[in-house]
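As structure tokens, the structure follows; a few thoughts come after it.
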Amino acid sequence: MSHNTQATPLQSQYLHVNQHSWDSKVAVHLDSKFYDVNSFKAGNTSLNQIELGALGSVAGKKLLHLQCHFGLDTLSWARLGAKVTGLDLSSKAIEAATTLASECGIDAEFICSDVYESEQTAKANFDLVFTSYGVLCWLPDIDRWARTVASHLKVGGELFIAEFHPIHDVFDGYRYFHDEQADIEVNQTYTENNRDTQTTEITWSHPVSDVINALIKAGIHIVEFNEFDYSPYNCFDNLTSKRDEQLNKEVFQYLHQGNPVPLVYSIKGVKTV
């Protein structure tokens, strides 16, 4: 893996470049064991205990899922009673999500849109904004993201984000702290069936402090912040599997000198103004 951190004309085209990348991933992901769409169709949830435990009942709540990919988590929230809207940059992902909702008989709305433009495309005041696992690195401006999140929430509405911890990126050769210059590289996708999926991707690092401070500045009161020494997904190199008896499932850790590194963090906040 090589990192190009030089400012180039390509960086200004990040939306187009990343949209193409995610469009190309959809068919591969739909056919992967990683996403296990057949299990979802059989009635299983795609959600993890991290988000389920933090949010409790969502029955009757209007939920906006930003960067929803092809909608498995969105539709899992719908099965729990939420009135869901999923939003994603990839038109291929939104087409797949709409088809999946129809096949499963689940009522859901899906919108193809960049996050930053979502104020125009998803205007309702939501009870809950949800986003998770590998979402923030695609966004150059974390303050604008936080303002966008706040714009979607009614007063008293909640944000919940579960995100991969950026400290792990340091071990893969990325920066921890934010830089205006993006990482521009060619990667395969993270699912096990990732043959012939190399695409150019443009990403930015965002330390946890930047995310928290951006939300505070946007008028979101942080009520809970947690870090986890595991990932629910085997999506990084050199992870060690572990049976978590409390969760009754296999989880994955990254060990540095025998000690687990934080792999996920979560933030729960409430819009106050």
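Chain lettering (A, B, ...) mirrors the order of the structure tokens, residue numbering begins at 1 for each chain separately, and ligand numbering begins at 1 in order of display.
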Spatial neighbours of stretch 249-264 of chain A, max dist 6 Å, only C-alpha atoms, sep filter under 4 positions, as a PyMOL selection string: chain A and resi 163-165+227-232+239-244
Just to be explicit: take each residue in the selection above, keep N, CA, C and O atoms, and write the result as a PDB file, in the first residue's frame.
ATOM      1  N   GLU A 163     -17.490   4.377  15.003  1.00  0.00           N
ATOM      2  CA  GLU A 163     -16.495   4.585  13.962  1.00  0.00           C
ATOM      3  C   GLU A 163     -15.206   3.834  14.303  1.00  0.00           C
ATOM      4  O   GLU A 163     -14.884   3.630  15.474  1.00  0.00           O
ATOM      5  N   PHE A 164     -14.504   3.410  13.261  1.00  0.00           N
ATOM      6  CA  PHE A 164     -13.199   2.796  13.492  1.00  0.00           C
ATOM      7  C   PHE A 164     -12.245   3.824  14.101  1.00  0.00           C
ATOM      8  O   PHE A 164     -12.194   4.970  13.677  1.00  0.00           O
ATOM      9  N   HIS A 165     -11.514   3.391  15.102  1.00  0.00           N
ATOM     10  CA  HIS A 165     -10.631   4.290  15.842  1.00  0.00           C
ATOM     11  C   HIS A 165      -9.423   4.649  14.987  1.00  0.00           C
ATOM     12  O   HIS A 165      -8.720   3.760  14.499  1.00  0.00           O
ATOM     13  N   GLU A 227     -14.740   3.765  23.963  1.00  0.00           N
ATOM     14  CA  GLU A 227     -13.736   3.141  23.103  1.00  0.00           C
ATOM     15  C   GLU A 227     -13.785   1.633  23.331  1.00  0.00           C
ATOM     16  O   GLU A 227     -14.039   1.165  24.445  1.00  0.00           O
ATOM     17  N   PHE A 228     -13.529   0.887  22.265  1.00  0.00           N
ATOM     18  CA  PHE A 228     -13.649  -0.568  22.310  1.00  0.00           C
ATOM     19  C   PHE A 228     -12.351  -1.200  21.818  1.00  0.00           C
ATOM     20  O   PHE A 228     -11.772  -0.750  20.830  1.00  0.00           O
ATOM     21  N   ASP A 229     -11.932  -2.251  22.504  1.00  0.00           N
ATOM     22  CA  ASP A 229     -10.668  -2.899  22.158  1.00  0.00           C
ATOM     23  C   ASP A 229     -10.851  -4.006  21.112  1.00  0.00           C
ATOM     24  O   ASP A 229     -10.033  -4.916  21.003  1.00  0.00           O
ATOM     25  N   TYR A 230     -11.923  -3.904  20.348  1.00  0.00           N
ATOM     26  CA  TYR A 230     -12.180  -4.899  19.307  1.00  0.00           C
ATOM     27  C   TYR A 230     -12.953  -4.263  18.163  1.00  0.00           C
ATOM     28  O   TYR A 230     -13.522  -3.177  18.297  1.00  0.00           O
ATOM     29  N   SER A 231     -12.940  -4.944  17.045  1.00  0.00           N
ATOM     30  CA  SER A 231     -13.808  -4.606  15.916  1.00  0.00           C
ATOM     31  C   SER A 231     -14.805  -5.734  15.721  1.00  0.00           C
ATOM     32  O   SER A 231     -14.436  -6.906  15.841  1.00  0.00           O
ATOM     33  N   PRO A 232     -16.056  -5.425  15.415  1.00  0.00           N
ATOM     34  CA  PRO A 232     -16.997  -6.494  15.097  1.00  0.00           C
ATOM     35  C   PRO A 232     -16.688  -7.142  13.753  1.00  0.00           C
ATOM     36  O   PRO A 232     -17.236  -8.205  13.447  1.00  0.00           O
ATOM     37  N   LEU A 239      -5.376  -8.916  12.196  1.00  0.00           N
ATOM     38  CA  LEU A 239      -6.258  -8.971  13.359  1.00  0.00           C
ATOM     39  C   LEU A 239      -6.248 -10.374  13.958  1.00  0.00           C
ATOM     40  O   LEU A 239      -6.067 -11.372  13.257  1.00  0.00           O
ATOM     41  N   THR A 240      -6.471 -10.442  15.257  1.00  0.00           N
ATOM     42  CA  THR A 240      -6.553 -11.705  15.990  1.00  0.00           C
ATOM     43  C   THR A 240      -7.992 -11.937  16.412  1.00  0.00           C
ATOM     44  O   THR A 240      -8.622 -11.046  16.994  1.00  0.00           O
ATOM     45  N   SER A 241      -8.525 -13.104  16.125  1.00  0.00           N
ATOM     46  CA  SER A 241      -9.907 -13.388  16.513  1.00  0.00           C
ATOM     47  C   SER A 241      -9.979 -13.786  17.984  1.00  0.00           C
ATOM     48  O   SER A 241      -9.044 -14.365  18.541  1.00  0.00           O
ATOM     49  N   LYS A 242     -11.107 -13.441  18.591  1.00  0.00           N
ATOM     50  CA  LYS A 242     -11.312 -13.720  20.012  1.00  0.00           C
ATOM     51  C   LYS A 242     -12.789 -14.004  20.228  1.00  0.00           C
ATOM     52  O   LYS A 242     -13.657 -13.316  19.680  1.00  0.00           O
ATOM     53  N   ARG A 243     -13.072 -14.987  21.017  1.00  0.00           N
ATOM     54  CA  ARG A 243     -14.461 -15.283  21.375  1.00  0.00           C
ATOM     55  C   ARG A 243     -14.857 -14.421  22.564  1.00  0.00           C
ATOM     56  O   ARG A 243     -14.256 -14.487  23.638  1.00  0.00           O
ATOM     57  N   ASP A 244     -15.831 -13.524  22.354  1.00  0.00           N
ATOM     58  CA  ASP A 244     -16.322 -12.676  23.431  1.00  0.00           C
ATOM     59  C   ASP A 244     -17.527 -13.364  24.053  1.00  0.00           C
ATOM     60  O   ASP A 244     -18.604 -13.427  23.443  1.00  0.00           O
TER      61      ASP A 244
END
Taking the backbone alone, and naming residues the way the document does, which bits of stretch 96-252 of chain A are helix (DSSP H, G or I) by DSSP, as number ranges by chain? A: 96-104, 115-121, 136-138, 142-152, 167-171, 208-217
May I have the residues within 12 Å of A:Leu52 as a list in words, using only C-alpha atoms and disregarding those fewer than 5 positions away in the same chain? Thr45, Ser46, Leu47, Ser57, Val58, Asp73, Ser76, Trp77, Leu80, Phe130, Phe160, Ile161, Ala162, Leu247 and Ser266 of chain A
Option closest in space to A:Thr199, from A:Asn213, A:Ile184, A:Gly105, A:Val129 [counting only C-alpha atoms]: A:Ile184
Which one of A:Glu103, A:Glu201, A:Asp127, A:Asp172 sits closest to A:Val17 if you count only C-alpha atoms? A:Glu201
Taking the backbone alone, and naming residues the way the document does, which bits of stretch 10-221 of chain A are strand (DSSP E or B) by DSSP, as a PyMOL selection string? chain A and resi 62-66+83-88+109-112+126-132+153-164+183-187+199-203+220-221
Top pick for closest residue to A:Gln188, considering A:Trp145, A:Tyr35, A:Phe225, A:Trp22 and counting only C-alpha atoms: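 Comparing A:Trp145, A:Tyr35, A:Phe225, A:Trp22 against A:Gln188, the winner is A:Trp22.
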One residue among A:Leu139, A:Ile167, A:Ala82, A:Leu89 is nearest to A:Leu64 when using only C-alpha atoms, and that residue is A:Ala82
Tell me which of A:Ser90, A:Ala182, A:Phe171, A:Glu158 sits closest to A:Tyr14, counting only C-alpha atoms.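 Ranking A:Ser90, A:Ala182, A:Phe171, A:Glu158 by distance to A:Tyr14, first place goes to A:Ala182.
The closest residue to A:Glu117, picked from A:Gly60, A:Val135, A:Leu15, A:Ser32 and counting only C-alpha atoms, is A:Leu15.
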Would you pick out the contacts of A:Ala150 at 9 Å or less, using only C-alpha atoms, so that residues sharing its chain but fewer than 6 positions from it are not included, and give the list as a PyMOL selection string? chain A and resi 129+157+159+215+218-220+271
Give me the residues within 10 Å of A:Ala214 as number ranges by chain, counting only C-alpha atoms and dropping any in the same chain fewer than 6 places off. A: 141-147, 208, 220
Tell me, as a list in words, which residues lie within 10 Å of A:Ala78, counting only C-alpha atoms; anything in the same chain fewer than 6 positions away does not count. Val58, Ala59, Gly60, Lys61, Lys62, Leu63, Leu72, Val84, Thr85, Ala101, Ile106, Asp107 and Ala108 of chain A
If you keep C-alpha atoms, can you produce a file of those selected residues as a short mmCIF file (atom, residue, chain, number, x, y, z; two decimals), in the first residue's frame?
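For reference, part.cif as written:
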data_model
loop_
_atom_site.label_atom_id
_atom_site.label_comp_id
_atom_site.auth_asym_id
_atom_site.auth_seq_id
_atom_site.Cartn_x
_atom_site.Cartn_y
_atom_site.Cartn_z
CA VAL A 58 -36.05 3.07 18.10
CA ALA A 59 -39.70 2.19 17.57
CA GLY A 60 -41.57 5.09 15.96
CA LYS A 61 -38.47 7.28 15.64
CA LYS A 62 -37.56 9.05 12.40
CA LEU A 63 -34.03 7.85 11.68
CA LEU A 72 -28.44 -3.39 5.53
CA VAL A 84 -35.90 5.13 8.15
CA THR A 85 -34.24 7.21 5.48
CA ALA A 101 -36.16 -3.19 0.82
CA ILE A 106 -39.56 -3.26 4.44
CA ASP A 107 -40.78 0.33 4.27
CA ALA A 108 -37.78 2.62 3.75
#
Show me, as a PyMOL selection string, the residues that have an atom within 12 Å of A:His69 when counting only C-alpha atoms, minus same-chain residues fewer than 5 positions from it. chain A and resi 19+22-27+29-30+35+74-75+86-98+110-114+131-135
